[in-house]
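One file, work_38.txt, carrying compact mmCIF, C-alpha atoms (C1' of nucleotides):
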# COMPACT_ATOMS: atom_id res chain seq x y z
CA MET M 518 198.35 255.75 74.96
CA PRO M 519 200.94 254.33 77.37
CA GLN M 520 204.32 254.29 75.67
CA GLU M 521 205.81 250.78 75.69
CA ARG M 522 208.82 251.15 77.89
CA PRO M 523 211.67 249.10 76.42
CA LEU M 524 212.37 245.77 78.10
CA ARG M 525 215.05 245.63 80.69
CA ALA M 526 218.23 243.97 79.42
CA ASP M 527 217.83 240.72 81.33
CA ALA M 528 214.17 240.55 80.43
CA ALA M 529 214.92 240.84 76.73
CA ARG M 530 217.61 238.21 77.01
CA ASN M 531 215.29 235.81 78.79
CA ARG M 532 212.52 236.39 76.33
CA GLY M 533 214.84 235.28 73.58
CA LYS M 534 215.94 232.21 75.49
CA ILE M 535 212.34 231.32 76.16
CA MET M 536 211.30 231.59 72.54
CA GLU M 537 214.22 229.45 71.45
CA ALA M 538 213.57 226.83 74.06
CA ALA M 539 209.86 226.77 73.37
CA ASN M 540 210.57 226.38 69.69
CA ARG M 541 212.94 223.50 70.31
CA GLN M 542 210.66 221.76 72.75
CA ILE M 543 207.52 222.13 70.69
CA ILE M 544 209.27 220.94 67.56
CA ALA M 545 210.50 217.91 69.43
CA HIS M 546 207.54 217.08 71.66
CA GLY M 547 204.57 219.02 70.36
CA PRO M 548 202.48 221.71 72.02
CA ASP M 549 201.66 219.43 74.93
CA VAL M 550 205.17 219.73 76.29
CA PRO M 551 205.01 220.91 79.92
CA MET M 552 205.89 224.49 80.76
CA GLU M 553 208.47 223.08 83.15
CA ALA M 554 210.30 221.43 80.27
CA ILE M 555 210.45 224.67 78.35
CA ALA M 556 211.60 226.56 81.42
CA GLU M 557 214.34 224.07 82.10
CA ASP M 558 215.49 224.12 78.50
CA ALA M 559 215.59 227.91 78.61
CA GLY M 560 217.41 227.92 81.93
CA VAL M 561 214.81 230.03 83.70
CA ALA M 562 212.07 229.36 86.23
CA VAL M 563 208.47 228.73 85.21
CA GLY M 564 207.40 232.00 86.70
CA THR M 565 209.49 233.75 84.11
CA LEU M 566 207.55 232.16 81.30
CA TYR M 567 204.42 233.59 82.80
CA ARG M 568 205.90 237.02 83.08
CA HIS M 569 206.39 237.03 79.31
CA PHE M 570 203.35 235.08 78.24
CA PRO M 571 200.18 235.37 80.31
CA THR M 572 199.22 231.84 79.47
CA LYS M 573 200.69 228.73 77.90
CA ALA M 574 198.41 229.10 74.91
CA ASP M 575 199.99 232.46 74.18
CA LEU M 576 203.47 231.01 74.17
CA VAL M 577 202.44 228.15 71.94
CA ARG M 578 200.69 230.54 69.59
CA ALA M 579 203.84 232.62 69.30
CA VAL M 580 205.91 229.58 68.40
CA LEU M 581 203.44 228.28 65.86
CA ASP M 582 203.26 231.69 64.26
CA LEU M 583 207.02 231.60 63.90
CA CYS M 584 206.74 228.29 62.08
CA LEU M 585 204.07 229.63 59.81
CA GLY M 586 206.34 232.53 59.05
CA GLU M 587 209.14 230.28 57.88
CA ILE M 588 206.85 228.34 55.63
CA ALA M 589 205.42 231.56 54.25
CA ALA M 590 208.95 232.73 53.46
CA ASP M 591 209.60 229.54 51.53
CA ALA M 592 206.40 230.03 49.59
CA GLU M 593 207.47 233.55 48.70
CA ALA M 594 210.85 232.35 47.53
CA ALA M 595 209.17 229.81 45.27
CA ALA M 596 206.79 232.41 43.88
CA ASP M 597 209.74 234.68 43.17
CA ARG M 598 211.60 231.96 41.32
CA ILE M 599 208.53 231.37 39.19
CA ALA M 600 208.31 235.06 38.44
CA ALA M 601 211.94 234.80 37.34
CA GLY M 602 211.11 232.04 34.90
CA ALA M 603 211.13 228.77 36.85
CA SER M 604 208.52 226.08 36.15
CA ALA M 605 205.43 226.71 38.24
CA LEU M 606 204.62 223.01 38.44
CA ASP M 607 208.10 222.13 39.63
CA GLU M 608 208.08 224.86 42.25
CA PHE M 609 204.60 223.94 43.38
CA ILE M 610 205.56 220.32 43.80
CA ALA M 611 208.86 221.09 45.50
CA PHE M 612 207.21 223.48 47.92
CA SER M 613 204.45 221.01 48.67
CA ARG M 614 206.95 218.26 49.30
CA MET M 615 208.91 220.50 51.61
CA VAL M 616 205.80 221.27 53.63
CA MET M 617 204.99 217.59 53.86
CA GLU M 618 208.43 216.61 55.01
CA ASN M 619 208.50 219.37 57.57
CA ALA M 620 205.15 218.33 58.95
CA ALA M 621 206.44 214.80 59.26
CA ASP M 622 209.15 215.42 61.82
CA ASN M 623 208.47 218.88 63.12
CA LYS M 624 205.67 218.72 65.62
CA ALA M 625 205.31 222.46 65.59
CA VAL M 626 204.51 222.44 61.90
CA LYS M 627 202.22 219.52 62.51
CA ALA M 628 200.39 221.44 65.17
CA ALA M 629 200.26 224.53 63.00
CA ALA M 630 198.70 222.43 60.26
CA ARG M 631 196.12 221.11 62.66
CA ALA M 632 195.41 224.64 63.78
CA LEU M 633 194.54 225.89 60.33
CA GLY M 634 191.17 227.52 60.40
CA THR M 635 191.63 228.39 64.06
CA PRO M 636 192.72 231.79 65.43
CA ILE M 637 196.35 230.90 64.72
CA ASP M 638 196.14 231.36 60.99
CA GLU M 639 194.83 234.87 61.25
CA GLY M 640 198.22 236.43 61.88
CA GLU M 641 200.14 238.36 59.26
CA HIS M 642 202.32 235.36 58.46
CA ALA M 643 199.29 233.40 57.42
CA GLN M 644 198.24 236.18 55.05
CA GLN M 645 201.76 236.43 53.66
CA GLY M 646 201.82 232.71 52.92
CA ARG M 647 198.39 232.87 51.39
CA ASP M 648 199.47 235.58 48.98
CA ALA M 649 202.55 233.66 47.90
CA MET M 650 200.52 230.50 47.36
CA ASP M 651 198.15 232.51 45.26
CA ARG M 652 200.95 233.62 42.99
CA ILE M 653 202.24 230.06 42.62
CA ILE M 654 198.88 228.61 41.79
CA ALA M 655 197.96 231.36 39.36
CA ALA M 656 201.22 230.74 37.52
CA GLY M 657 200.55 227.00 37.42
CA LYS M 658 197.15 227.55 35.95
CA ALA M 659 198.53 229.98 33.35
CA GLU M 660 201.11 227.37 32.53
CA GLY M 661 198.38 224.78 32.09
CA SER M 662 199.94 222.37 34.55
CA LEU M 663 197.58 222.80 37.50
CA ARG M 664 193.86 222.16 37.36
CA PRO M 665 192.01 225.32 36.38
CA ASP M 666 189.78 225.32 39.44
CA LEU M 667 192.60 225.02 41.98
CA THR M 668 192.58 227.55 44.82
CA VAL M 669 194.76 228.55 47.74
CA ASP M 670 192.36 226.77 50.03
CA ASP M 671 193.27 223.57 48.26
CA GLY M 672 196.85 224.21 49.20
CA TYR M 673 195.83 224.65 52.81
CA LEU M 674 193.86 221.48 52.55
CA PHE M 675 197.02 219.75 51.48
CA PHE M 676 198.81 221.24 54.43
CA ALA M 677 196.11 220.23 56.85
CA THR M 678 195.86 216.61 55.73
CA VAL M 679 199.47 215.50 55.56
CA PRO M 680 199.40 211.96 56.96
CA ILE M 681 201.74 212.79 59.75
CA ASP M 682 201.82 209.60 61.74
CA GLN M 683 202.26 207.26 58.80
CA PRO M 684 205.55 205.81 57.57
CA LEU M 685 207.52 207.50 54.84
CA ALA M 686 206.41 205.19 52.02
CA ILE M 687 202.76 205.86 52.80
CA ARG M 688 203.38 209.57 52.87
CA GLU M 689 205.10 209.43 49.50
CA ARG M 690 202.20 207.55 48.02
CA TRP M 691 199.78 210.12 49.44
CA PHE M 692 201.87 212.83 47.89
CA THR M 693 201.60 211.21 44.47
CA LEU M 694 197.85 210.89 44.78
CA MET M 695 197.39 214.47 45.97
CA MET M 696 199.60 215.90 43.28
CA ASP M 697 197.71 213.90 40.68
CA GLY M 698 194.52 215.39 42.04
CA PHE M 699 196.00 218.88 41.77
CA ARG M 700 197.39 218.63 38.27
CA SER M 701 195.46 219.30 35.13
CA GLU M 702 194.43 216.09 33.35
CA VAL M 703 197.26 216.02 30.87
CA GLU M 704 199.94 216.33 33.50
CA ARG M 705 199.49 213.20 35.57
CA SER M 706 202.37 211.66 37.40
CA ALA M 707 204.68 209.16 35.79
CA ASP M 708 205.71 207.40 38.98
CA ALA M 709 202.86 204.95 38.86
CA PRO M 710 204.60 201.83 37.55
CA ASP M 711 201.86 199.94 35.80
CA ARG M 712 199.58 202.18 33.88
CA GLY M 713 198.83 202.08 30.18
CA MET T 1211 193.18 175.89 79.68
CA PRO T 1212 190.86 177.56 82.21
CA GLN T 1213 187.27 177.37 81.00
CA GLU T 1214 185.71 180.86 80.85
CA ARG T 1215 183.01 180.72 83.48
CA PRO T 1216 179.96 182.63 82.17
CA LEU T 1217 179.45 186.12 83.56
CA ARG T 1218 177.11 186.61 86.43
CA ALA T 1219 173.79 188.14 85.35
CA ASP T 1220 174.40 191.58 86.81
CA ALA T 1221 177.93 191.62 85.45
CA ALA T 1222 176.75 190.88 81.92
CA ARG T 1223 174.10 193.56 82.20
CA ASN T 1224 176.62 196.12 83.38
CA ARG T 1225 179.08 195.20 80.71
CA GLY T 1226 176.45 196.00 78.11
CA LYS T 1227 175.60 199.31 79.74
CA ILE T 1228 179.26 200.22 79.88
CA MET T 1229 179.87 199.47 76.22
CA GLU T 1230 176.86 201.49 75.20
CA ALA T 1231 177.81 204.41 77.37
CA ALA T 1232 181.42 204.32 76.27
CA ASN T 1233 180.31 204.24 72.68
CA ARG T 1234 178.04 207.23 73.18
CA GLN T 1235 180.59 209.23 75.10
CA ILE T 1236 183.49 208.52 72.77
CA ILE T 1237 181.39 209.32 69.73
CA ALA T 1238 180.42 212.62 71.32
CA HIS T 1239 183.62 213.66 73.08
CA GLY T 1240 186.39 211.48 71.71
CA PRO T 1241 188.66 209.00 73.48
CA ASP T 1242 189.78 211.62 75.96
CA VAL T 1243 186.46 211.59 77.72
CA PRO T 1244 187.01 210.86 81.43
CA MET T 1245 186.21 207.44 82.81
CA GLU T 1246 183.94 209.22 85.29
CA ALA T 1247 181.80 210.50 82.44
CA ILE T 1248 181.42 207.04 80.98
CA ALA T 1249 180.61 205.58 84.37
CA GLU T 1250 177.97 208.19 85.04
CA ASP T 1251 176.42 207.70 81.61
CA ALA T 1252 176.31 203.96 82.22
CA GLY T 1253 174.87 204.40 85.68
CA VAL T 1254 177.65 202.50 87.42
CA ALA T 1255 180.67 203.42 89.51
CA VAL T 1256 184.13 203.84 88.04
CA GLY T 1257 185.34 200.75 89.81
CA THR T 1258 182.95 198.72 87.69
CA LEU T 1259 184.59 199.93 84.52
CA TYR T 1260 187.86 198.64 85.83
CA ARG T 1261 186.39 195.27 86.68
CA HIS T 1262 185.48 194.80 83.01
CA PHE T 1263 188.42 196.56 81.40
CA PRO T 1264 191.78 196.48 83.14
CA THR T 1265 192.67 199.87 81.76
CA LYS T 1266 191.04 202.76 80.00
CA ALA T 1267 192.96 201.99 76.83
CA ASP T 1268 191.30 198.59 76.71
CA LEU T 1269 187.85 200.08 76.91
CA VAL T 1270 188.63 202.61 74.22
CA ARG T 1271 190.08 199.91 72.02
CA ALA T 1272 186.94 197.85 72.37
CA VAL T 1273 184.78 200.79 71.30
CA LEU T 1274 186.96 201.68 68.34
CA ASP T 1275 186.98 198.09 67.21
CA LEU T 1276 183.20 198.20 67.24
CA CYS T 1277 183.29 201.22 64.95
CA LEU T 1278 185.71 199.54 62.63
CA GLY T 1279 183.36 196.58 62.49
CA GLU T 1280 180.46 198.72 61.33
CA ILE T 1281 182.53 200.31 58.62
CA ALA T 1282 183.80 196.92 57.53
CA ALA T 1283 180.22 195.69 57.27
CA ASP T 1284 179.37 198.61 55.02
CA ALA T 1285 182.35 197.85 52.82
CA GLU T 1286 181.22 194.26 52.52
CA ALA T 1287 177.74 195.34 51.56
CA ALA T 1288 179.18 197.54 48.82
CA ALA T 1289 181.41 194.76 47.56
CA ASP T 1290 178.42 192.44 47.44
CA ARG T 1291 176.38 194.92 45.44
CA ILE T 1292 179.21 195.20 42.96
CA ALA T 1293 179.39 191.42 42.68
CA ALA T 1294 175.67 191.57 41.93
CA GLY T 1295 176.22 193.98 39.07
CA ALA T 1296 176.38 197.50 40.59
CA SER T 1297 178.89 200.06 39.29
CA ALA T 1298 182.18 199.69 41.11
CA LEU T 1299 182.99 203.36 40.76
CA ASP T 1300 179.63 204.41 42.16
CA GLU T 1301 179.93 202.05 45.08
CA PHE T 1302 183.50 203.07 45.74
CA ILE T 1303 182.56 206.73 45.80
CA ALA T 1304 179.46 206.21 47.90
CA PHE T 1305 181.35 204.14 50.42
CA SER T 1306 184.17 206.66 50.60
CA ARG T 1307 181.72 209.49 51.10
CA MET T 1308 180.04 207.57 53.86
CA VAL T 1309 183.33 207.05 55.63
CA MET T 1310 184.13 210.72 55.31
CA GLU T 1311 180.81 211.86 56.67
CA ASN T 1312 181.03 209.45 59.55
CA ALA T 1313 184.47 210.64 60.45
CA ALA T 1314 183.21 214.20 60.41
CA ASP T 1315 180.82 213.96 63.32
CA ASN T 1316 181.68 210.72 65.00
CA LYS T 1317 184.74 211.18 67.12
CA ALA T 1318 185.09 207.45 67.56
CA VAL T 1319 185.50 206.98 63.83
CA LYS T 1320 187.87 209.90 63.81
CA ALA T 1321 189.97 208.31 66.50
CA ALA T 1322 189.83 204.97 64.73
CA ALA T 1323 191.11 206.66 61.60
CA ARG T 1324 193.95 208.23 63.52
CA ALA T 1325 194.75 204.86 65.02
CA LEU T 1326 195.25 203.16 61.68
CA GLY T 1327 198.61 201.51 61.60
CA THR T 1328 198.52 201.12 65.38
CA PRO T 1329 197.56 197.96 67.29
CA ILE T 1330 193.89 198.79 66.85
CA ASP T 1331 193.70 197.85 63.21
CA GLU T 1332 195.02 194.37 63.78
CA GLY T 1333 191.74 192.93 64.96
CA GLU T 1334 189.54 190.73 62.81
CA HIS T 1335 187.31 193.65 61.86
CA ALA T 1336 190.21 195.40 60.26
CA GLN T 1337 191.03 192.34 58.19
CA GLN T 1338 187.41 191.96 57.21
CA GLY T 1339 187.27 195.56 56.01
CA ARG T 1340 190.53 195.18 54.18
CA ASP T 1341 189.21 192.19 52.24
CA ALA T 1342 186.04 194.01 51.26
CA MET T 1343 188.00 197.05 50.11
CA ASP T 1344 190.16 194.75 48.07
CA ARG T 1345 187.15 193.40 46.24
CA ILE T 1346 185.80 196.89 45.55
CA ILE T 1347 189.06 198.20 44.21
CA ALA T 1348 189.75 195.15 42.07
CA ALA T 1349 186.33 195.58 40.50
CA GLY T 1350 186.96 199.25 39.87
CA LYS T 1351 190.21 198.48 38.13
CA ALA T 1352 188.59 195.74 36.03
CA GLU T 1353 185.92 198.26 35.12
CA GLY T 1354 188.59 200.75 34.10
CA SER T 1355 187.25 203.47 36.37
CA LEU T 1356 189.91 203.39 39.11
CA ARG T 1357 193.58 203.99 38.53
CA PRO T 1358 195.36 200.73 37.77
CA ASP T 1359 197.87 201.10 40.58
CA LEU T 1360 195.32 201.74 43.33
CA THR T 1361 195.63 199.61 46.45
CA VAL T 1362 193.77 198.98 49.66
CA ASP T 1363 196.37 201.03 51.46
CA ASP T 1364 195.28 204.00 49.40
CA GLY T 1365 191.81 203.49 50.76
CA TYR T 1366 193.19 203.50 54.29
CA LEU T 1367 195.11 206.62 53.44
CA PHE T 1368 191.86 208.23 52.47
CA PHE T 1369 190.36 207.11 55.74
CA ALA T 1370 193.27 208.43 57.74
CA THR T 1371 193.38 211.87 56.15
CA VAL T 1372 189.77 212.98 56.19
CA PRO T 1373 189.97 216.69 57.12
CA ILE T 1374 187.91 216.24 60.20
CA ASP T 1375 188.04 219.65 61.74
CA GLN T 1376 187.28 221.59 58.58
CA PRO T 1377 183.87 222.89 57.53
CA LEU T 1378 181.65 220.89 55.24
CA ALA T 1379 182.47 222.79 52.05
CA ILE T 1380 186.18 222.20 52.55
CA ARG T 1381 185.59 218.55 53.16
CA GLU T 1382 183.54 218.27 49.99
CA ARG T 1383 186.28 219.90 48.01
CA TRP T 1384 188.82 217.55 49.50
CA PHE T 1385 186.62 214.66 48.52
CA THR T 1386 186.53 215.84 44.92
CA LEU T 1387 190.29 216.16 44.80
CA MET T 1388 190.90 212.77 46.39
CA MET T 1389 188.44 211.02 44.14
CA ASP T 1390 190.04 212.65 41.13
CA GLY T 1391 193.35 211.32 42.34
CA PHE T 1392 191.87 207.83 42.68
CA ARG T 1393 190.14 207.64 39.31
CA SER T 1394 191.74 206.56 36.09
CA GLU T 1395 192.58 209.49 33.86
CA VAL T 1396 189.51 209.29 31.68
CA GLU T 1397 187.11 209.34 34.60
CA ARG T 1398 187.73 212.69 36.21
CA SER T 1399 185.05 214.47 38.14
CA ALA T 1400 182.51 216.73 36.52
CA ASP T 1401 181.81 218.86 39.58
CA ALA T 1402 184.60 221.29 38.88
CA PRO T 1403 182.74 224.29 37.50
CA ASP T 1404 185.24 225.97 35.24
CA ARG T 1405 187.31 223.54 33.32
CA GLY T 1406 187.56 223.22 29.58
C1' DC Q 251 168.26 179.69 102.88
C1' DA Q 252 173.14 179.45 103.90
C1' DT Q 253 177.44 179.89 102.05
C1' DA Q 254 180.84 181.25 99.06
C1' DA Q 255 182.25 183.29 95.01
C1' DT Q 256 181.64 187.13 92.26
C1' DC Q 257 180.75 191.74 91.59
C1' DA Q 258 179.87 196.86 92.55
C1' DT Q 259 180.93 200.95 95.13
C1' DG Q 260 183.20 205.35 95.53
C1' DA Q 261 186.32 207.59 98.51
C1' DA Q 262 191.13 207.87 98.56
C1' DC Q 263 195.49 207.87 96.17
C1' DC Q 264 198.72 209.40 92.87
C1' DA Q 265 200.76 211.72 89.06
C1' DA Q 266 200.87 215.32 85.89
C1' DT Q 267 200.54 220.21 84.90
C1' DA Q 268 198.96 224.89 84.51
C1' DT Q 269 199.13 228.86 87.30
C1' DT Q 270 200.03 232.04 91.27
C1' DC Q 271 202.45 234.78 94.64
C1' DA Q 272 205.40 236.25 98.48
C1' DC Q 273 209.94 237.08 98.37
C1' DA Q 274 214.69 237.65 96.42
C1' DT Q 275 217.51 239.77 92.53
C1' DT Q 276 218.85 242.81 89.22
C1' DA Q 277 219.07 246.59 86.15
C1' DA Q 278 218.09 251.46 85.30
C1' DT Q 279 218.40 256.17 87.05
C1' DG Q 280 219.96 260.37 89.30
C1' DC B 320 225.92 254.04 95.40
C1' DA B 321 221.22 254.35 96.81
C1' DT B 322 216.74 253.84 95.43
C1' DT B 323 213.14 251.73 93.18
C1' DA B 324 210.71 249.73 89.61
C1' DA B 325 211.10 245.76 86.89
C1' DT B 326 212.10 241.17 86.81
C1' DG B 327 213.15 236.38 88.28
C1' DT B 328 212.34 232.47 91.55
C1' DG B 329 210.26 228.13 92.68
C1' DA B 330 207.56 226.19 96.32
C1' DA B 331 202.76 226.04 96.96
C1' DT B 332 198.12 225.71 95.01
C1' DA B 333 194.41 223.96 92.25
C1' DT B 334 192.62 220.94 89.02
C1' DT B 335 192.09 217.05 86.37
C1' DG B 336 191.91 212.29 85.54
C1' DG B 337 193.52 207.43 85.84
C1' DT B 338 193.68 203.72 89.09
C1' DT B 339 193.19 201.04 93.46
C1' DC B 340 191.15 198.72 97.34
C1' DA B 341 188.62 197.89 101.65
C1' DT B 342 183.96 197.25 102.23
C1' DG B 343 179.32 195.98 101.26
C1' DA B 344 175.85 194.00 97.97
C1' DT B 345 174.36 190.47 94.74
C1' DT B 346 174.10 186.23 92.51
C1' DA B 347 174.85 181.30 91.98
C1' DT B 348 174.91 176.80 94.13
C1' DG B 349 173.82 172.80 97.00

Could you write out this file's structure as structure tokens?
Amino acid sequence: MPQERPLRADAARNRGKIMEAANRQIIAHGPDVPMEAIAEDAGVAVGTLYRHFPTKADLVRAVLDLCLGEIAADAEAAADRIAAGASALDEFIAFSRMVMENAADNKAVKAAARALGTPIDEGEHAQQGRDAMDRIIAAGKAEGSLRPDLTVDDGYLFFATVPIDQPLAIRERWFTLMMDGFRSEVERSADAPDRG
Amino acid sequence: MPQERPLRADAARNRGKIMEAANRQIIAHGPDVPMEAIAEDAGVAVGTLYRHFPTKADLVRAVLDLCLGEIAADAEAAADRIAAGASALDEFIAFSRMVMENAADNKAVKAAARALGTPIDEGEHAQQGRDAMDRIIAAGKAEGSLRPDLTVDDGYLFFATVPIDQPLAIRERWFTLMMDGFRSEVERSADAPDRG
DNA sequence: CATAATCATGAACCAATATTCACATTAATG
DNA sequence: CATTAATGTGAATATTGGTTCATGATTATG
């Protein structure tokens, strides 16, 4: 077992700069951003990217995993608040809305959503998020506010189908419809103006 | 106003072959398929594609518009059946399912869905489909089976968010959830196994 | 069938991008 | 500080894919 020698100081520094730059660039321009752009943003040469990540796909994967991690952390926070007494329905809706809004203007999240079901969501972050979602949904069902047959996969489905390229109003409407599909019958939304 | 001189015989023939080939190739591989591939499939040289379509985007647009036309025709057929006495809810669901299944393995439909809200859906086919959807939804509301605030845009939203890259079971589940979101309260789905 | 207008051909051109590699720098070590 | 292993550099390479254009073929017309 070859001991991992620690990174040289400059190497560690550059690795950080690369991750930050890649994060910025992918958030702004999506995973198709050229390696050159990331290198320039990081203030290093392209070759350096390749010293740290054998291939572009590896770099992108690392960034997307980071995104997934942040979302998973939010899910955990929501689950914790529920455990501490907060309304499961409120937390579920707030978390879902947050995911939607992130996906709308963060192309990394968008790409991560599109990548669900691919190798990307097999990292530990994905599992962490899945567990938190499970807690939220179980609480919602116990509370009677979410449909009894709801599963974590439904949450992922939500994530994966956010209408990213549509205008805000459309996205809001989609959100209403999805949430109404997720609720138990008695709990339907009140924001529809003209219903009996 | 320059009179459109009719196409020369060989030109007309080639135009047909190109449209067919482009349709095939885009259905199979999506709009990113190389022009070379389309040319080869059509049995002509790339230059010929450019004689008929100034740019690749124009060719793709033509193919997607064709797809939209077929879907619009299906919507009209459904609307007509409703006018003739068929259940609006049944027709709405059947049409929606058809759209979903098409989008699943027809990359042209998928691309057309993604292109909603872009210049592509401003052709006459788009308007035709919109009108038919309007008739279907109005009937469903009159029947009391669709939520009173449903609009044609919601139908487009459905179209645009089909979870294309997910496995069949996931897509079916999504369909259930969406349809439950579209129905009026009293009409919720019965395919959920474990609800009281 | 002769002529001109139209059309088809496909090699060449160009731009974008991932990736490599010979060489230059820099940090760790004694 | 001398040595060397690790690291950084960025021009060069390879590939892909859209687009053009000089040339040759085909069709329409009188």

Using all atoms listed in the file, I'd like every residue of chain T that has an atom within 6 Å of chain M; please write them out as a list in words.
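Only these qualify: Pro1358, Thr1371, Leu1387, Asp1390, Gly1391 and Arg1405 of chain T.
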
Rounded to one decimal, what separation in Å do you get between C1' of DC340 (chain B) and CA of Pro1241 (chain T)?
26.1 Å

Select all residues from chain B having any atom no more than 9 Å from an atom of chain T (counting all atoms listed in the file, ignoring ligands), output as a VMD selection string.
chain B and resid 336 to 339 345 to 347

Counting only C-alpha atoms (C1' of nucleotides), a student should be able to say which residues of chain Q come within 10 Å of chain M; what is the right answer, written as a PDB file with C-alpha atoms (C1' of nucleotides), in the frame of the given file?
ATOM      1  C1'  DA Q 266     200.870 215.320  85.890  1.00  0.00           C
ATOM      2  C1'  DT Q 267     200.540 220.210  84.900  1.00  0.00           C
ATOM      3  C1'  DA Q 268     198.960 224.890  84.510  1.00  0.00           C
ATOM      4  C1'  DT Q 269     199.130 228.860  87.300  1.00  0.00           C
ATOM      5  C1'  DT Q 270     200.030 232.040  91.270  1.00  0.00           C
ATOM      6  C1'  DC Q 271     202.450 234.780  94.640  1.00  0.00           C
ATOM      7  C1'  DT Q 276     218.850 242.810  89.220  1.00  0.00           C
ATOM      8  C1'  DA Q 277     219.070 246.590  86.150  1.00  0.00           C
ATOM      9  C1'  DA Q 278     218.090 251.460  85.300  1.00  0.00           C
TER      10       DA Q 278
END

Would you compute the box with edges along x, y and z of the file around region 680-689 of chain M, including every atom the file lists for it and 3 Å extra on each side, and give its centre and edge lengths in Å to one decimal, as JSON?
{"center_x": 203.5, "center_y": 209.0, "center_z": 55.6, "size_x": 14.1, "size_y": 13.6, "size_z": 18.2}

Counting only C-alpha atoms (C1' of nucleotides), what is within 12 Å of region 599-605 of chain M, bar same-chain residues fewer than 2 positions away, as a list in words?
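My reading of the contact set: Ala592, Glu593, Ala594, Ala595, Ala596, Asp597, Asp607, Glu608, Phe609, Ile610, Ala611, Phe612, Ser613, Ala649, Met650, Asp651, Arg652, Ile653, Ile654, Ala655, Ala656, Gly657, Lys658, Ala659, Glu660, Gly661, Ser662, Leu663 and Arg700 of chain M.
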
Extract, using all atoms listed in the file, all DNA, RNA and protein residues at most 10 Å from Leu583 (chain M), discarding same-chain residues fewer than 2 positions from it, and format them as JSON, numbers by chain.
{"M": [536, 540, 577, 578, 579, 580, 581, 585, 586, 587, 588, 589, 625, 626, 629, 642]}

Could you work out how far CA of Val1254 (chain T) lies from CA of Glu1214 (chain T), giving the answer in Å with one decimal?
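According to the coordinates, CA of Glu1214 (chain T) and CA of Val1254 (chain T) are separated by 24.0 Å.
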
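Picture a line from CA of Ile543 (chain M) to CA of Ile1237 (chain T); it runs 29.1 Å.
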
Do you know which residues lie at most 8 Å from (212.6, 240.7, 90.5), with coordinates as in the file and all atoms listed in the file counted, and could you write them as a list in words?
DA274, DT275 and DT276 of chain Q; DA325, DT326 and DG327 of chain B

Fill-in result for region 566-577 of chain M, N, CA and C atoms as a CSV table (one decimal), in the frame of the given file:
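Output contents, as saved in result_21.csv:
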chain,number,residue,atom,x,y,z
M,566,LEU,N,208.4,232.4,82.5
M,566,LEU,CA,207.6,232.2,81.3
M,566,LEU,C,206.3,233.0,81.4
M,567,TYR,N,205.7,232.9,82.6
M,567,TYR,CA,204.4,233.6,82.8
M,567,TYR,C,204.5,235.1,82.9
M,568,ARG,N,205.7,235.6,83.1
M,568,ARG,CA,205.9,237.0,83.1
M,568,ARG,C,205.9,237.5,81.6
M,569,HIS,N,206.3,236.6,80.7
M,569,HIS,CA,206.4,237.0,79.3
M,569,HIS,C,205.2,236.6,78.5
M,570,PHE,N,204.5,235.5,78.9
M,570,PHE,CA,203.4,235.1,78.2
M,570,PHE,C,202.3,234.8,79.3
M,571,PRO,N,201.2,235.5,79.3
M,571,PRO,CA,200.2,235.4,80.3
M,571,PRO,C,199.7,233.9,80.5
M,572,THR,N,199.7,233.2,79.4
M,572,THR,CA,199.2,231.8,79.5
M,572,THR,C,200.0,230.9,78.5
M,573,LYS,N,200.0,229.7,78.8
M,573,LYS,CA,200.7,228.7,77.9
M,573,LYS,C,200.2,228.8,76.5
M,574,ALA,N,199.0,229.0,76.3
M,574,ALA,CA,198.4,229.1,74.9
M,574,ALA,C,199.1,230.2,74.1
M,575,ASP,N,199.4,231.3,74.8
M,575,ASP,CA,200.0,232.5,74.2
M,575,ASP,C,201.4,232.1,73.7
M,576,LEU,N,202.1,231.4,74.6
M,576,LEU,CA,203.5,231.0,74.2
M,576,LEU,C,203.4,230.1,73.0
M,577,VAL,N,202.6,229.1,73.0
M,577,VAL,CA,202.4,228.2,71.9
M,577,VAL,C,202.1,228.9,70.7
